[in-house]
>>> print(open('upload.tsv').read())   # TSV, C-alpha atoms
chain	number	residue	atom	x	y	z
A	1	MET	CA	-111.12	-50.81	-35.10
A	2	ASN	CA	-112.33	-50.64	-31.51
A	3	GLY	CA	-115.67	-49.21	-30.48
A	4	THR	CA	-114.25	-45.79	-29.62
A	5	ALA	CA	-112.56	-45.39	-32.99
A	6	ILE	CA	-115.66	-46.59	-34.83
A	7	GLY	CA	-117.80	-44.15	-32.86
A	8	ALA	CA	-115.45	-41.26	-33.62
A	9	ALA	CA	-115.51	-42.10	-37.34
A	10	ALA	CA	-119.30	-42.33	-37.34
A	11	VAL	CA	-119.70	-38.97	-35.59
A	12	LEU	CA	-117.21	-37.37	-38.00
A	13	ALA	CA	-119.15	-38.77	-40.96
A	14	LEU	CA	-122.43	-37.51	-39.54
A	15	ALA	CA	-121.11	-34.02	-38.87
A	16	SER	CA	-119.48	-33.77	-42.30
A	17	ALA	CA	-122.66	-34.91	-44.06
A	18	ALA	CA	-124.89	-32.61	-42.02
A	19	LEU	CA	-123.32	-29.36	-43.27
A	20	PRO	CA	-124.19	-29.68	-46.99
A	21	ALA	CA	-127.51	-31.31	-46.15
A	22	LEU	CA	-128.61	-28.42	-43.96
A	23	LEU	CA	-127.31	-25.79	-46.36
A	24	THR	CA	-129.04	-27.44	-49.31
A	25	TRP	CA	-132.31	-27.57	-47.38
A	26	ALA	CA	-131.99	-23.84	-46.63
A	27	ASN	CA	-130.73	-22.87	-50.09
A	28	LEU	CA	-133.26	-24.62	-52.31
A	29	PRO	CA	-136.11	-22.15	-51.57
A	30	ALA	CA	-133.69	-19.22	-51.87
A	31	PHE	CA	-132.34	-20.42	-55.23
A	32	ARG	CA	-135.28	-18.89	-57.01
A	33	ARG	CA	-136.27	-18.86	-60.64
A	34	ALA	CA	-136.62	-15.71	-62.72
A	35	ALA	CA	-140.05	-14.08	-62.57
A	36	ARG	CA	-142.47	-14.67	-65.42
A	37	ARG	CA	-142.74	-11.06	-66.48
A	38	THR	CA	-141.61	-8.66	-69.16
A	39	PRO	CA	-138.55	-6.60	-68.16
A	40	ARG	CA	-138.97	-2.87	-67.76
A	41	ASP	CA	-136.15	-2.33	-70.27
A	42	GLY	CA	-136.07	-5.04	-72.93
A	43	ARG	CA	-133.19	-3.68	-75.00
A	44	VAL	CA	-130.38	-6.22	-74.81
A	45	SER	CA	-127.25	-7.40	-76.57
A	46	VAL	CA	-126.88	-11.19	-76.46
A	47	LEU	CA	-123.15	-11.81	-76.66
A	48	VAL	CA	-121.87	-15.23	-77.74
A	49	PRO	CA	-118.21	-16.30	-78.09
A	50	ALA	CA	-117.81	-19.08	-80.67
A	51	ARG	CA	-114.82	-21.17	-81.65
A	52	ASN	CA	-115.36	-24.13	-83.98
A	53	GLU	CA	-119.08	-24.35	-83.18
A	54	SER	CA	-120.50	-25.20	-86.61
A	55	GLN	CA	-122.47	-28.14	-85.19
A	56	ALA	CA	-124.28	-26.01	-82.61
A	57	ILE	CA	-124.34	-22.44	-83.90
A	58	GLY	CA	-127.44	-22.92	-86.07
A	59	ARG	CA	-129.47	-24.19	-83.14
A	60	LEU	CA	-128.22	-21.31	-80.97
A	61	LEU	CA	-129.24	-18.77	-83.62
A	62	ASP	CA	-132.73	-20.28	-83.88
A	63	ASP	CA	-133.18	-20.34	-80.09
A	64	VAL	CA	-132.07	-16.78	-79.39
A	65	LEU	CA	-133.87	-15.24	-82.37
A	66	ALA	CA	-137.11	-16.85	-81.16
A	67	SER	CA	-136.93	-14.77	-77.97
A	68	ARG	CA	-140.05	-12.85	-76.95
A	69	ASP	CA	-140.64	-9.54	-75.16
A	70	VAL	CA	-137.15	-8.15	-75.80
A	71	ASP	CA	-135.53	-5.87	-78.35
A	72	LEU	CA	-132.35	-7.79	-78.98
A	73	GLU	CA	-129.28	-7.92	-81.10
A	74	LEU	CA	-127.32	-11.17	-81.28
A	75	VAL	CA	-123.59	-10.55	-81.54
A	76	ILE	CA	-121.45	-13.61	-82.20
A	77	LEU	CA	-117.68	-13.38	-82.08
A	78	ASP	CA	-115.88	-15.89	-84.24
A	79	ASP	CA	-112.69	-16.76	-82.37
A	80	ASP	CA	-110.49	-17.99	-85.23
A	81	SER	CA	-112.73	-20.94	-86.11
A	82	THR	CA	-111.59	-23.37	-88.79
A	83	ASP	CA	-114.88	-25.23	-89.33
A	84	GLY	CA	-117.06	-22.67	-91.09
A	85	THR	CA	-118.72	-21.21	-88.00
A	86	ALA	CA	-118.32	-17.65	-89.27
A	87	ASP	CA	-119.83	-18.50	-92.67
A	88	LEU	CA	-122.95	-19.89	-91.02
A	89	VAL	CA	-123.38	-16.75	-88.92
A	90	GLU	CA	-122.81	-14.46	-91.90
A	91	ARG	CA	-125.48	-16.26	-93.92
A	92	ARG	CA	-127.99	-15.83	-91.10
A	93	ALA	CA	-127.03	-12.13	-90.70
A	94	VAL	CA	-128.08	-11.55	-94.32
A	95	LEU	CA	-131.54	-12.89	-93.48
A	96	ASP	CA	-131.98	-11.30	-90.04
A	97	PRO	CA	-130.60	-7.82	-89.25
A	98	ARG	CA	-130.59	-8.65	-85.53
A	99	VAL	CA	-127.57	-10.93	-86.10
A	100	ARG	CA	-124.09	-9.48	-86.25
A	101	LEU	CA	-120.76	-11.26	-86.69
A	102	VAL	CA	-117.57	-9.95	-85.10
A	103	ARG	CA	-114.24	-11.37	-86.22
A	104	GLY	CA	-112.00	-11.92	-83.20
A	105	GLY	CA	-108.54	-10.45	-83.08
A	106	PRO	CA	-105.32	-12.32	-82.28
A	107	LEU	CA	-105.10	-13.66	-78.74
A	108	PRO	CA	-102.79	-11.37	-76.71
A	109	GLU	CA	-100.16	-12.76	-74.37
A	110	GLY	CA	-101.57	-13.51	-70.94
A	111	TRP	CA	-105.20	-13.83	-72.04
A	112	CYS	CA	-107.46	-16.89	-71.96
A	113	GLY	CA	-109.32	-17.30	-75.25
A	114	LYS	CA	-112.85	-17.08	-73.85
A	115	GLN	CA	-112.09	-14.02	-71.70
A	116	HIS	CA	-110.58	-12.21	-74.69
A	117	ALA	CA	-113.58	-13.12	-76.84
A	118	CYS	CA	-116.03	-11.84	-74.23
A	119	TRP	CA	-114.04	-8.64	-73.77
A	120	GLN	CA	-114.18	-7.96	-77.51
A	121	LEU	CA	-117.91	-8.67	-77.49
A	122	SER	CA	-118.40	-6.12	-74.72
A	123	ARG	CA	-116.72	-3.49	-76.86
A	124	ALA	CA	-118.98	-4.34	-79.81
A	125	ALA	CA	-122.32	-4.38	-77.96
A	126	ALA	CA	-124.86	-1.70	-78.94
A	127	ALA	CA	-127.25	-2.04	-76.00
A	128	ASP	CA	-126.37	-1.21	-72.40
A	129	THR	CA	-127.72	-4.48	-70.94
A	130	TRP	CA	-125.97	-7.69	-71.91
A	131	VAL	CA	-126.46	-11.43	-71.73
A	132	PHE	CA	-123.25	-13.44	-72.15
A	133	LEU	CA	-124.30	-16.85	-73.41
A	134	ASP	CA	-122.35	-20.00	-74.28
A	135	VAL	CA	-123.16	-21.66	-77.60
A	136	ASP	CA	-124.14	-24.94	-75.94
A	137	VAL	CA	-126.97	-23.28	-73.97
A	138	SER	CA	-130.50	-23.72	-75.35
A	139	PRO	CA	-132.77	-20.92	-74.05
A	140	THR	CA	-136.55	-20.97	-74.22
A	141	PRO	CA	-138.36	-18.07	-75.97
A	142	ASP	CA	-138.95	-16.29	-72.64
A	143	ALA	CA	-135.49	-16.96	-71.20
A	144	ILE	CA	-133.77	-13.72	-72.17
A	145	ALA	CA	-136.68	-11.57	-70.99
A	146	ARG	CA	-136.94	-13.39	-67.68
A	147	SER	CA	-133.20	-13.17	-67.03
A	148	LEU	CA	-133.39	-9.40	-67.55
A	149	ALA	CA	-136.32	-9.30	-65.14
A	150	PHE	CA	-134.25	-11.18	-62.57
A	151	LEU	CA	-131.41	-8.67	-62.90
A	152	GLU	CA	-133.91	-5.85	-62.28
A	153	ASP	CA	-135.60	-7.60	-59.34
A	154	SER	CA	-132.40	-8.74	-57.62
A	155	GLY	CA	-130.66	-5.38	-57.55
A	156	ALA	CA	-127.46	-7.17	-58.54
A	157	ALA	CA	-124.84	-5.77	-60.88
A	158	LEU	CA	-124.17	-9.26	-62.24
A	159	ALA	CA	-126.61	-12.17	-62.29
A	160	SER	CA	-125.81	-15.70	-63.36
A	161	GLY	CA	-128.24	-18.43	-64.39
A	162	PHE	CA	-127.66	-22.17	-63.94
A	163	PRO	CA	-129.30	-24.06	-66.84
A	164	ARG	CA	-130.49	-27.66	-66.64
A	165	GLN	CA	-127.54	-29.87	-67.52
A	166	LEU	CA	-128.24	-32.53	-70.14
A	167	THR	CA	-126.15	-35.69	-69.89
A	168	GLY	CA	-125.36	-38.64	-72.13
A	169	SER	CA	-121.99	-40.24	-71.52
A	170	PHE	CA	-121.07	-41.97	-68.26
A	171	LEU	CA	-119.06	-39.13	-66.69
A	172	GLU	CA	-121.67	-36.57	-67.71
A	173	TRP	CA	-124.32	-38.66	-65.96
A	174	LEU	CA	-122.10	-39.24	-62.95
A	175	LEU	CA	-120.46	-35.85	-62.40
A	176	LEU	CA	-122.45	-32.96	-63.84
A	177	PRO	CA	-125.25	-33.14	-61.23
A	178	LEU	CA	-122.53	-32.29	-58.69
A	179	ILE	CA	-122.67	-28.69	-59.98
A	180	HIS	CA	-125.82	-28.11	-57.94
A	181	PHE	CA	-124.58	-30.21	-55.02
A	182	ILE	CA	-121.40	-28.13	-54.61
A	183	LEU	CA	-123.22	-24.84	-55.21
A	184	LEU	CA	-126.11	-25.37	-52.81
A	185	GLY	CA	-124.29	-27.53	-50.28
A	186	PHE	CA	-121.40	-25.18	-49.51
A	187	LEU	CA	-122.54	-21.62	-50.31
A	188	PRO	CA	-124.77	-19.89	-47.73
A	189	LEU	CA	-126.91	-18.15	-50.33
A	190	ALA	CA	-128.75	-15.73	-48.03
A	191	ARG	CA	-125.48	-14.54	-46.53
A	192	SER	CA	-123.88	-14.29	-49.97
A	193	ARG	CA	-126.62	-11.92	-51.08
A	194	GLY	CA	-126.13	-9.78	-48.00
A	195	ASP	CA	-122.55	-8.67	-48.69
A	196	THR	CA	-120.00	-8.30	-51.46
A	197	ASN	CA	-117.29	-10.52	-50.00
A	198	PRO	CA	-115.44	-12.01	-53.01
A	199	GLY	CA	-115.10	-15.28	-51.11
A	200	MET	CA	-118.89	-15.68	-51.28
A	201	ALA	CA	-119.05	-15.23	-55.06
A	202	ALA	CA	-120.65	-17.84	-57.28
A	203	GLY	CA	-121.75	-18.03	-60.88
A	204	CYS	CA	-122.09	-20.11	-64.00
A	205	GLY	CA	-119.99	-19.11	-66.98
A	206	GLN	CA	-122.68	-20.37	-69.35
A	207	TRP	CA	-125.05	-17.47	-68.59
A	208	PHE	CA	-124.23	-13.98	-67.26
A	209	VAL	CA	-126.47	-10.90	-67.26
A	210	THR	CA	-125.07	-7.44	-66.56
A	211	ARG	CA	-125.09	-3.77	-67.56
A	212	ARG	CA	-122.37	-1.86	-69.36
A	213	ALA	CA	-121.67	0.59	-66.51
A	214	ASP	CA	-121.29	-2.16	-63.91
A	215	TYR	CA	-119.18	-4.29	-66.22
A	216	ASP	CA	-116.79	-1.42	-66.90
A	217	ARG	CA	-116.58	-0.52	-63.19
A	218	ALA	CA	-115.62	-4.12	-62.34
A	219	GLY	CA	-113.07	-4.30	-65.16
A	220	GLY	CA	-115.07	-6.96	-66.97
A	221	HIS	CA	-113.28	-9.89	-68.52
A	222	ALA	CA	-110.08	-7.88	-68.68
A	223	ALA	CA	-109.93	-8.17	-64.89
A	224	ILE	CA	-109.83	-11.98	-65.20
A	225	ARG	CA	-107.94	-12.18	-68.48
A	226	ALA	CA	-105.78	-15.19	-67.53
A	227	SER	CA	-108.55	-17.13	-65.81
A	228	LEU	CA	-110.06	-20.36	-67.13
A	229	HIS	CA	-112.94	-20.21	-64.65
A	230	ASP	CA	-115.11	-17.16	-65.37
A	231	GLY	CA	-117.99	-18.71	-63.43
A	232	VAL	CA	-116.16	-17.95	-60.20
A	233	LYS	CA	-113.68	-15.26	-61.20
A	234	LEU	CA	-116.04	-12.78	-62.90
A	235	PRO	CA	-118.40	-12.52	-59.88
A	236	ARG	CA	-115.33	-12.07	-57.67
A	237	ALA	CA	-114.15	-9.18	-59.85
A	238	TYR	CA	-117.53	-7.47	-59.43
A	239	ARG	CA	-117.48	-7.98	-55.69
A	240	ARG	CA	-113.94	-6.62	-55.39
A	241	ALA	CA	-115.33	-3.47	-57.01
A	242	GLY	CA	-118.04	-3.32	-54.35
A	243	LEU	CA	-120.79	-4.53	-56.67
A	244	PRO	CA	-123.36	-7.17	-55.63
A	245	THR	CA	-123.79	-10.39	-57.61
A	246	ASP	CA	-126.54	-12.99	-57.54
A	247	ILE	CA	-127.45	-16.37	-59.02
A	248	PHE	CA	-130.73	-17.88	-60.15
A	249	ASP	CA	-132.19	-21.22	-61.14
A	250	ALA	CA	-132.44	-21.23	-64.94
A	251	SER	CA	-133.37	-24.91	-65.23
A	252	ASP	CA	-136.90	-24.01	-66.37
A	253	ILE	CA	-135.77	-21.60	-69.11
A	254	ALA	CA	-132.57	-23.14	-70.48
A	255	SER	CA	-130.76	-26.42	-70.92
A	256	CYS	CA	-127.13	-27.12	-71.74
A	257	ARG	CA	-125.22	-30.09	-73.12
A	258	MET	CA	-121.80	-29.01	-71.89
A	259	TYR	CA	-119.91	-32.10	-73.04
A	260	THR	CA	-120.66	-35.13	-75.21
A	261	ARG	CA	-117.92	-37.59	-74.18
A	262	SER	CA	-116.57	-38.77	-70.85
A	263	ILE	CA	-113.03	-37.75	-71.75
A	264	ASP	CA	-114.24	-34.21	-72.41
A	265	VAL	CA	-115.89	-34.12	-68.98
A	266	TRP	CA	-112.59	-35.10	-67.36
A	267	ARG	CA	-110.62	-32.56	-69.36
A	268	GLY	CA	-113.21	-29.81	-68.91
A	269	LEU	CA	-113.52	-30.18	-65.15
A	270	SER	CA	-109.76	-30.49	-64.66
A	271	LYS	CA	-109.11	-27.46	-66.91
A	272	ASN	CA	-110.29	-24.97	-64.31
A	273	ALA	CA	-110.19	-27.08	-61.14
A	274	THR	CA	-107.20	-25.30	-59.62
A	275	GLU	CA	-109.10	-21.99	-59.67
A	276	GLY	CA	-111.75	-23.51	-57.43
A	277	ILE	CA	-111.83	-26.55	-55.16
A	278	GLY	CA	-108.59	-27.90	-56.64
A	279	ALA	CA	-106.58	-24.84	-55.57
A	280	PRO	CA	-103.64	-25.64	-53.25
A	281	THR	CA	-105.29	-23.78	-50.35
A	282	THR	CA	-108.70	-25.46	-50.64
A	283	ILE	CA	-108.13	-28.96	-51.96
A	284	LEU	CA	-107.18	-30.59	-48.65
A	285	PRO	CA	-110.07	-29.24	-46.54
A	286	PHE	CA	-112.55	-30.05	-49.31
A	287	THR	CA	-111.12	-33.52	-49.71
A	288	LEU	CA	-111.57	-34.15	-46.01
A	289	LEU	CA	-115.04	-32.62	-45.90
A	290	LEU	CA	-116.32	-34.41	-49.00
A	291	GLY	CA	-114.56	-37.66	-48.24
A	292	CYS	CA	-115.80	-37.80	-44.66
A	293	GLY	CA	-119.31	-36.59	-45.41
A	294	GLN	CA	-120.11	-38.21	-48.76
A	295	ILE	CA	-118.01	-41.40	-48.93
A	296	LEU	CA	-117.27	-42.43	-45.35
A	297	PRO	CA	-120.94	-42.93	-44.30
A	298	LEU	CA	-121.47	-45.59	-46.98
A	299	VAL	CA	-118.18	-47.26	-46.11
A	300	LEU	CA	-119.11	-47.40	-42.42
A	301	VAL	CA	-122.59	-48.78	-43.05
A	302	ALA	CA	-121.24	-51.36	-45.49
A	303	VAL	CA	-118.46	-52.49	-43.15
A	304	GLY	CA	-120.83	-52.52	-40.20
A	305	GLY	CA	-123.38	-54.57	-42.09
A	306	ALA	CA	-120.74	-57.06	-43.20
A	307	THR	CA	-119.65	-57.60	-39.57
A	308	ALA	CA	-123.16	-57.43	-38.08
A	309	TYR	CA	-121.95	-54.30	-36.24
A	310	ARG	CA	-120.03	-56.42	-33.73
A	311	GLY	CA	-118.28	-54.20	-31.18
A	312	TRP	CA	-120.15	-51.09	-32.33
A	313	PRO	CA	-121.79	-48.86	-29.70
A	314	TRP	CA	-125.46	-48.37	-30.49
A	315	TRP	CA	-124.98	-44.66	-30.98
A	316	ALA	CA	-122.23	-45.29	-33.55
A	317	VAL	CA	-124.64	-47.42	-35.59
A	318	LEU	CA	-127.20	-44.63	-35.41
A	319	ALA	CA	-124.66	-41.95	-36.34
A	320	ALA	CA	-123.42	-43.96	-39.33
A	321	TRP	CA	-126.93	-44.47	-40.68
A	322	LEU	CA	-127.92	-40.85	-40.08
A	323	GLY	CA	-124.74	-39.77	-41.86
A	324	LEU	CA	-125.62	-41.99	-44.83
A	325	ILE	CA	-129.15	-40.58	-45.02
A	326	LEU	CA	-127.88	-37.00	-44.83
A	327	SER	CA	-125.21	-37.66	-47.47
A	328	TYR	CA	-127.91	-38.69	-49.93
A	329	LEU	CA	-130.51	-36.07	-48.96
A	330	PRO	CA	-129.12	-33.16	-51.05
A	331	ARG	CA	-128.79	-35.28	-54.18
A	332	LEU	CA	-132.32	-36.67	-53.85
A	333	LEU	CA	-133.77	-33.19	-53.32
A	334	GLU	CA	-131.83	-31.85	-56.30
A	335	ALA	CA	-132.88	-34.76	-58.51
A	336	ALA	CA	-136.51	-33.85	-57.80
A	337	ARG	CA	-136.02	-30.08	-58.18
A	338	PHE	CA	-133.79	-30.01	-61.28
A	339	GLY	CA	-134.91	-33.14	-63.11
A	340	GLN	CA	-131.65	-34.98	-62.52
A	341	SER	CA	-131.16	-38.72	-62.83
A	342	LEU	CA	-132.18	-40.65	-59.72
A	343	THR	CA	-129.68	-43.39	-60.51
A	344	SER	CA	-126.93	-40.77	-60.68
A	345	ALA	CA	-127.97	-39.63	-57.20
A	346	VAL	CA	-127.67	-43.22	-55.96
A	347	ALA	CA	-124.10	-43.28	-57.32
A	348	HIS	CA	-123.25	-40.15	-55.32
A	349	PRO	CA	-120.34	-41.61	-53.28
A	350	LEU	CA	-118.68	-42.81	-56.49
A	351	ALA	CA	-119.26	-39.41	-58.10
A	352	THR	CA	-117.63	-37.70	-55.13
A	353	GLY	CA	-114.59	-39.95	-55.35
A	354	VAL	CA	-114.13	-39.35	-59.09
A	355	PHE	CA	-114.68	-35.61	-58.63
A	356	LEU	CA	-111.94	-35.46	-55.97
A	357	ALA	CA	-109.64	-37.49	-58.21
A	358	ILE	CA	-110.04	-34.84	-60.92
A	359	GLN	CA	-109.16	-32.08	-58.45
A	360	TRP	CA	-105.95	-33.84	-57.40
A	361	TYR	CA	-105.10	-34.68	-61.01
A	362	ALA	CA	-105.44	-31.01	-61.97
A	363	LEU	CA	-103.32	-29.88	-59.04
A	364	ALA	CA	-100.60	-32.41	-59.91
A	365	ARG	CA	-100.48	-31.12	-63.48
A	366	ARG	CA	-100.22	-27.58	-62.22
A	367	LEU	CA	-97.39	-28.40	-59.84
A	368	LEU	CA	-95.56	-30.24	-62.63
A	369	GLY	CA	-96.01	-27.27	-64.96
A	370	LEU	CA	-97.77	-29.39	-67.60
A	371	LYS	CA	-99.72	-27.70	-70.37
A	372	THR	CA	-103.05	-28.79	-71.76
A	373	ALA	CA	-105.22	-27.71	-74.68
A	374	TRP	CA	-108.85	-26.71	-75.03
A	375	ARG	CA	-110.71	-26.39	-78.33
A	376	GLY	CA	-107.44	-26.77	-80.20
A	377	ARG	CA	-105.68	-23.96	-78.34
A	378	PRO	CA	-102.81	-24.63	-75.89
A	379	LEU	CA	-103.37	-23.37	-72.36
A	380	ALA	CA	-100.62	-22.22	-70.06
A	381	PRO	CA	-100.12	-24.24	-66.87
A	382	GLN	CA	-102.33	-22.90	-64.10
>>> encode(input="upload.tsv", output="structure tokens")
Amino acid sequence: MNGTAIGAAAVLALASAALPALLTWANLPAFRRAARRTPRDGRVSVLVPARNESQAIGRLLDDVLASRDVDLELVILDDDSTDGTADLVERRAVLDPRVRLVRGGPLPEGWCGKQHACWQLSRAAAADTWVFLDVDVSPTPDAIARSLAFLEDSGAALASGFPRQLTGSFLEWLLLPLIHFILLGFLPLARSRGDTNPGMAAGCGQWFVTRRADYDRAGGHAAIRASLHDGVKLPRAYRRAGLPTDIFDASDIASCRMYTRSIDVWRGLSKNATEGIGAPTTILPFTLLLGCGQILPLVLVAVGGATAYRGWPWWAVLAAWLGLILSYLPRLLEAARFGQSLTSAVAHPLATGVFLAIQWYALARRLLGLKTAWRGRPLAPQ
């Protein structure tokens, strides 16, 4: 490459890295935690869909029932489990009247299993304020109360918390910290809070807080019945109904071990990729933006170093190094803020490449009309 081409590549890398770096810097203070206070109204239904969760349901019951400063019922829907999940919940319900088991009905045509389970839970809830919680989330005793306080303070109709992600296997360690990188690096949070544009919606399907009236006005999970990605699609449904949504940092009040094996990370991220970054309309611009901003700076610095930067204009060397620094800045800030692995942050260019590979893999499967399965249930091609 001649000096002009090298300079153009270095400037492109710098510009592409600067966007998520600047947004992350602005978003981190705005991505606030829930206040440490008792909610004004502590009556709440904690709604949990469960399918073959016998290994985790006991821990979830213990965690939620240890909640303080709320008047709660814990409603667990057994979605046709075959591993004794329902029996475990029924035994606990005998001991604690706050626990209630709901047996899920047959999955209707055109519904995703989780959305149908959550819809049935909404019909069974006794309280008018709800927390939808995934089984693999571990809340602290003050987590439910503080999430209700956040809903009250934010003025949102739907609030979503992002727990601290626990990792073990290689792809968990490599890829799951990207949840915060994508969220804070590409969503202008202050602007998102200022309007109800569905395109500015964000959320985490592991933890939603809402009220019955707002849920019904938005159509709830029935409005996204075929979706595999409630983290994005449910906030969009609220915003289409003119209702504000918000997100909060739940890393101090909850943790989550979403997957336990690398293969499950690959399958889980590819399952709903085409409803987000892997959609046909977004995958190419995101590939260019992430590739140029998060992979290209390291490539340029490595190639330049190997050739002693011969033929490079001085400003191209500077741009390449600034691009590399900015590409790492969000991950280093997030590692400090959310307790993420520093070595995972160092592997950020590799993580970006694998993440993009999953998006393209998911899109290819969609275009080929291939089906997959999740928790033993076939899923229609997306």
>>> atom_distance(input="upload.tsv", atom1="CA of Thr140 in chain A", atom2="CA of Asp216 in chain A")
28.7 Å
>>> atom_distance(input="upload.tsv", atom1="CA of Ala364 in chain A", atom2="CA of Ser169 in chain A")
25.6 Å
>>> axis_aligned_box(input="upload.tsv", around="range 106-123 of chain A", padding_each_side="3 Å", output="AutoDock Vina command-line options")
--center_x -109.3 --center_y -10.4 --center_z -76.6 --size_x 24.2 --size_y 19.8 --size_z 17.3
>>> closest_atom_pairs(input="upload.tsv", of="range 101-211 of chain A", to="range 330-350 of chain A", cutoff="9 Å", atoms="all atoms listed in the file", output="JSON lines")
{"residue": "A:Arg164", "atom": "CA", "partner": "A:Phe338", "partner_atom": "CA", "distance": 6.7}
{"residue": "A:Gln165", "atom": "CA", "partner": "A:Gln340", "partner_atom": "CA", "distance": 8.2}
{"residue": "A:Leu166", "atom": "CA", "partner": "A:Gln340", "partner_atom": "CA", "distance": 8.7}
{"residue": "A:Trp173", "atom": "CA", "partner": "A:Ser344", "partner_atom": "CA", "distance": 6.3}
{"residue": "A:Leu174", "atom": "CA", "partner": "A:Ser344", "partner_atom": "CA", "distance": 5.6}
{"residue": "A:Leu175", "atom": "CA", "partner": "A:Ser344", "partner_atom": "CA", "distance": 8.3}
{"residue": "A:Pro177", "atom": "CA", "partner": "A:Gln340", "partner_atom": "CA", "distance": 6.8}
{"residue": "A:Leu178", "atom": "CA", "partner": "A:Arg331", "partner_atom": "CA", "distance": 8.3}
{"residue": "A:His180", "atom": "CA", "partner": "A:Glu334", "partner_atom": "CA", "distance": 7.3}
{"residue": "A:Phe181", "atom": "CA", "partner": "A:Arg331", "partner_atom": "CA", "distance": 6.6}
{"residue": "A:Leu184", "atom": "CA", "partner": "A:Pro330", "partner_atom": "CA", "distance": 8.5}
{"residue": "A:Gly185", "atom": "CA", "partner": "A:Pro330", "partner_atom": "CA", "distance": 7.5}
>>> residues_around(input="upload.tsv", residues="Cys118 in chain A", least_positions_apart="5", cutoff="10 Å", atoms="only C-alpha atoms", output="PDB file with C-alpha atoms, in the coordinates of the input")
ATOM      1  CA  LEU A  47    -123.150 -11.810 -76.660  1.00  0.00           C
ATOM      2  CA  VAL A  48    -121.870 -15.230 -77.740  1.00  0.00           C
ATOM      3  CA  PRO A  49    -118.210 -16.300 -78.090  1.00  0.00           C
ATOM      4  CA  ALA A  50    -117.810 -19.080 -80.670  1.00  0.00           C
ATOM      5  CA  ILE A  76    -121.450 -13.610 -82.200  1.00  0.00           C
ATOM      6  CA  LEU A  77    -117.680 -13.380 -82.080  1.00  0.00           C
ATOM      7  CA  GLY A 104    -112.000 -11.920 -83.200  1.00  0.00           C
ATOM      8  CA  GLY A 113    -109.320 -17.300 -75.250  1.00  0.00           C
ATOM      9  CA  ARG A 123    -116.720  -3.490 -76.860  1.00  0.00           C
ATOM     10  CA  ALA A 124    -118.980  -4.340 -79.810  1.00  0.00           C
ATOM     11  CA  PHE A 132    -123.250 -13.440 -72.150  1.00  0.00           C
ATOM     12  CA  LEU A 133    -124.300 -16.850 -73.410  1.00  0.00           C
ATOM     13  CA  GLY A 220    -115.070  -6.960 -66.970  1.00  0.00           C
ATOM     14  CA  HIS A 221    -113.280  -9.890 -68.520  1.00  0.00           C
ATOM     15  CA  ALA A 222    -110.080  -7.880 -68.680  1.00  0.00           C
ATOM     16  CA  ARG A 225    -107.940 -12.180 -68.480  1.00  0.00           C
TER      17      ARG A 225
END
>>> atom_distance(input="upload.tsv", atom1="CA of Thr274 in chain A", atom2="CA of Gln294 in chain A")
21.2 Å
>>> closest_residue(input="upload.tsv", among="A:Pro297, A:Ile283, A:Leu176, A:Gly353", to="Tyr328 in chain A", atoms="all atoms listed in the file")
A:Pro297
>>> closest_residue(input="upload.tsv", among="A:Tyr259, A:Trp130, A:Phe355, A:Trp111", to="Ser227 in chain A", atoms="all atoms listed in the file")
A:Trp111
>>> closest_residue(input="upload.tsv", among="A:Val75, A:Ala35, A:Met258, A:Leu318", to="Ser154 in chain A", atoms="all atoms listed in the file")
A:Ala35
>>> residues_around(input="upload.tsv", residues="Ala250 in chain A", least_positions_apart="5", cutoff="7 Å", atoms="only C-alpha atoms", output="PyMOL selection string")
chain A and resi 33+161-164
>>> residues_around(input="upload.tsv", residues="Gly293 in chain A", least_positions_apart="2", cutoff="6 Å", atoms="only C-alpha atoms", output="number ranges by chain")
A: 13, 16-17, 289-291
>>> write_last_selection(input="upload.tsv", atoms="C-alpha atoms", output="PDB file, keeping the file's coordinate frame")
ATOM      1  CA  ALA A  13    -119.150 -38.770 -40.960  1.00  0.00           C
ATOM      2  CA  SER A  16    -119.480 -33.770 -42.300  1.00  0.00           C
ATOM      3  CA  ALA A  17    -122.660 -34.910 -44.060  1.00  0.00           C
ATOM      4  CA  LEU A 289    -115.040 -32.620 -45.900  1.00  0.00           C
ATOM      5  CA  LEU A 290    -116.320 -34.410 -49.000  1.00  0.00           C
ATOM      6  CA  GLY A 291    -114.560 -37.660 -48.240  1.00  0.00           C
TER       7      GLY A 291
END
>>> closest_residue(input="upload.tsv", among="A:Tyr309, A:Ala254, A:Ile295, A:Arg191", to="Ile325 in chain A", atoms="only C-alpha atoms")
A:Ile295
>>> closest_residue(input="upload.tsv", among="A:Ala127, A:Ala145, A:Cys292, A:Ala316", to="Asp69 in chain A", atoms="all atoms listed in the file")
A:Ala145
>>> decode(input="upload.tsv", residues="range 87-100 of chain A", atoms="C-alpha atoms", output="mmCIF file, in the first residue's frame")
data_model
loop_
_atom_site.group_PDB
_atom_site.id
_atom_site.type_symbol
_atom_site.label_atom_id
_atom_site.label_comp_id
_atom_site.auth_asym_id
_atom_site.auth_seq_id
_atom_site.Cartn_x
_atom_site.Cartn_y
_atom_site.Cartn_z
ATOM 1 C CA ASP A 87 -42.344 -30.651 41.245
ATOM 2 C CA LEU A 88 -39.621 -28.560 42.866
ATOM 3 C CA VAL A 89 -41.752 -25.407 42.640
ATOM 4 C CA GLU A 90 -44.830 -27.175 44.003
ATOM 5 C CA ARG A 91 -42.895 -28.433 47.021
ATOM 6 C CA ARG A 92 -41.697 -24.915 47.801
ATOM 7 C CA ALA A 93 -45.247 -23.518 47.335
ATOM 8 C CA VAL A 94 -46.437 -25.811 50.132
ATOM 9 C CA LEU A 95 -43.871 -24.222 52.457
ATOM 10 C CA ASP A 96 -44.215 -20.596 51.338
ATOM 11 C CA PRO A 97 -47.601 -19.140 50.280
ATOM 12 C CA ARG A 98 -45.821 -16.425 48.268
ATOM 13 C CA VAL A 99 -44.892 -19.054 45.657
ATOM 14 C CA ARG A 100 -47.361 -20.045 42.979
#
